[in-house]
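Visitor: Below are the structure tokens for one structure; questions will follow.
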Amino acid sequence: MFRWASAQPLPQRLEELLERAGALRCDWVGRNANEVLVFLPPHLLLSCGRLPLAGIEASYRLLLEAAGTAVLLNGERLLSLSAAELASWKPGEPLPKACTLAEPAPLEAALTAALLEAEPPLAAAYQDLDGRSERGGAPAEHDYRDRLRCSDAPGLVAHWNQQLERRQAEQDLELLRLQLLEVEQECERQLLSGRETAGKLSWQRRLNEQAAKQLGRYGELVQQLLSLQGRLL
């Protein structure tokens, strides 16, 4: 078990891996000097969708300033380990095996490559961190931008279309949810209206019953009055 901190948001699958391995997350501000520092390559950081450009730049700056003699771990490399393998590791020791890097998704790679064209220091900052990190014997990444070059144009278009289809499906699902909510609210309104109408009918029925009783009593009095008049005559 080890303690770790990061100045960057992590993908959910990486957070779950660290949790299953028994690693404890520490707050960045309250961390100790010997905490393990976890960082991400730019494309994974972009996929989290939680930092603006200024935040991305600041996160690498904070990590580089805090690196010093700390143990650094590339979050993408950790994803090549199982929870059991990571749980057996201790800071200062080599990782259980050489932790390799994955091929970025085409759309993420294209977006990140465009970002690095405008902000080259981001690639340099990431490569600096990866070069200092514990990699289980795997070589450091010296040309991150080369890994982002996507020659699979059909794959990029297919990935883009999948994203659009997923977005449309999410919008359709949200529309259906709103429609169901409207139906539910209308059913509730009709139920309340029905109860109110039933209450009014019940009240009117009681009034009618009372009126009928009063009319019956009135008829009896009239009969009694006529009877008395007949006797007097």
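How things are named: the first chain in the structure tokens is A, the next is B, and so on; residues count from 1 in each chain; ligands count from 1 in the order shown.
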Residues of segment 48-129 of chain A classed as alpha helix (DSSP H) by DSSP on the backbone are to be reported as a VMD selection string.

Guide: chain A and resid 48 53 to 67 75 to 78 83 to 87 106 to 118 120 to 129

Visitor: Considering only C-alpha atoms, return as number ranges by chain whatever protein or nucleic-acid residues lie within 12 Å of Pro121 of chain A, sequence-local ones (same chain, fewer than 6 positions apart) excluded.

Guide: A: 42, 56-58, 60-61, 115, 127-128, 144-145

Visitor: Using only C-alpha atoms, pick whichever of A:Leu45, A:Val29, A:Val36, A:Leu79 has the shortest atom-to-atom distance to Leu14 of chain A.

Guide: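 Smallest distance to Leu14 of chain A is found for A:Leu79.
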
Visitor: Based on DSSP run over this structure's backbone, return all residues of segment 36-220 of chain A in strand (DSSP E or B), as a list in words.

Guide: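 DSSP on the backbone gives strand (DSSP E or B) at Val36, Leu37, Val38, Phe39, Leu72, Leu73 and Asn74 of chain A.
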
Visitor: May I have the residues from that selection written out with N, CA and C atoms, as a PDB file, in the first residue's frame?

Guide:
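This went into again-v1.pdb:
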```
ATOM      1  N   VAL A  36       3.825   9.540  -3.396  1.00  0.00           N
ATOM      2  CA  VAL A  36       3.993   9.243  -4.818  1.00  0.00           C
ATOM      3  C   VAL A  36       3.187  10.257  -5.622  1.00  0.00           C
ATOM      4  N   LEU A  37       3.757  10.782  -6.697  1.00  0.00           N
ATOM      5  CA  LEU A  37       3.063  11.739  -7.560  1.00  0.00           C
ATOM      6  C   LEU A  37       2.650  11.053  -8.859  1.00  0.00           C
ATOM      7  N   VAL A  38       1.376  11.126  -9.174  1.00  0.00           N
ATOM      8  CA  VAL A  38       0.834  10.505 -10.386  1.00  0.00           C
ATOM      9  C   VAL A  38       0.524  11.613 -11.401  1.00  0.00           C
ATOM     10  N   PHE A  39       0.931  11.406 -12.648  1.00  0.00           N
ATOM     11  CA  PHE A  39       0.668  12.377 -13.714  1.00  0.00           C
ATOM     12  C   PHE A  39       0.123  11.646 -14.934  1.00  0.00           C
ATOM     13  N   LEU A  72       7.741   9.362  -9.116  1.00  0.00           N
ATOM     14  CA  LEU A  72       6.737   9.737 -10.110  1.00  0.00           C
ATOM     15  C   LEU A  72       6.206   8.494 -10.810  1.00  0.00           C
ATOM     16  N   LEU A  73       4.905   8.476 -11.055  1.00  0.00           N
ATOM     17  CA  LEU A  73       4.282   7.375 -11.790  1.00  0.00           C
ATOM     18  C   LEU A  73       3.425   7.946 -12.903  1.00  0.00           C
ATOM     19  N   ASN A  74       3.638   7.420 -14.113  1.00  0.00           N
ATOM     20  CA  ASN A  74       2.814   7.791 -15.260  1.00  0.00           C
ATOM     21  C   ASN A  74       1.509   6.997 -15.180  1.00  0.00           C
TER      22      ASN A  74
END
```

Visitor: Determine, counting only C-alpha atoms, which protein, DNA and RNA residues have an atom within 9 Å of an atom of Lys90 of chain A; residues of the same chain fewer than 5 positions away are not included. Present the result as a list of chain:residue names.

Guide: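 The residues that qualify are A:Met1, A:Phe2, A:Leu95.
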
Visitor: Do you have, as CSV, the list of residues of segment 62-124 of chain A lying at most 8 Å from segment 21-28 of chain A, each with its nearest atom pair and that distance in Å to one decimal, counting only C-alpha atoms and ordered by chain then number?

Guide:
```
residue,atom,partner,partner_atom,distance
A:Ala83,CA,A:Ala21,CA,4.6
A:Ala84,CA,A:Ala21,CA,6.2
A:Glu85,CA,A:Ala21,CA,8.0
A:Leu86,CA,A:Ala21,CA,5.8
A:Ala87,CA,A:Ala21,CA,4.4
```

Visitor: In terms of the shortest atom-to-atom distance over only C-alpha atoms, which of A:Leu53, A:Cys48, A:Cys187, A:Leu40 is closest to Leu116 of chain A?

Guide: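 Of A:Leu53, A:Cys48, A:Cys187, A:Leu40, the one nearest Leu116 of chain A, counting only C-alpha atoms, is A:Leu53.
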
Visitor: So that I can check the surroundings of segment 137-142 of chain A, please list as an MDAnalysis selection string every protein, DNA and RNA residue that reaches within 8 Å of it, counting only C-alpha atoms and ignoring chain neighbours fewer than 2 positions away.

Guide: chainID A and resid 94:95 97:100 127 130:131 134:135 144

Visitor: Report the distance between atom CA of Ala113 of chain A and atom CA of Trp4 of chain A in Å, rounded to one decimal place.

Guide: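 Computed distance, atom CA of Ala113 of chain A to atom CA of Trp4 of chain A, equals 29.0 Å.
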
Visitor: Out of A:Gln190, A:Thr197, A:Ser80, A:Ser227, which residue has the shortest atom-to-atom distance to Leu17 of chain A when counting only C-alpha atoms?

Guide: A:Ser80

Visitor: Can you work out which one of A:Glu119, A:Glu93, A:Glu65, A:Glu76 has the shortest atom-to-atom distance to Ala7 of chain A, counting only C-alpha atoms?

Guide: A:Glu65
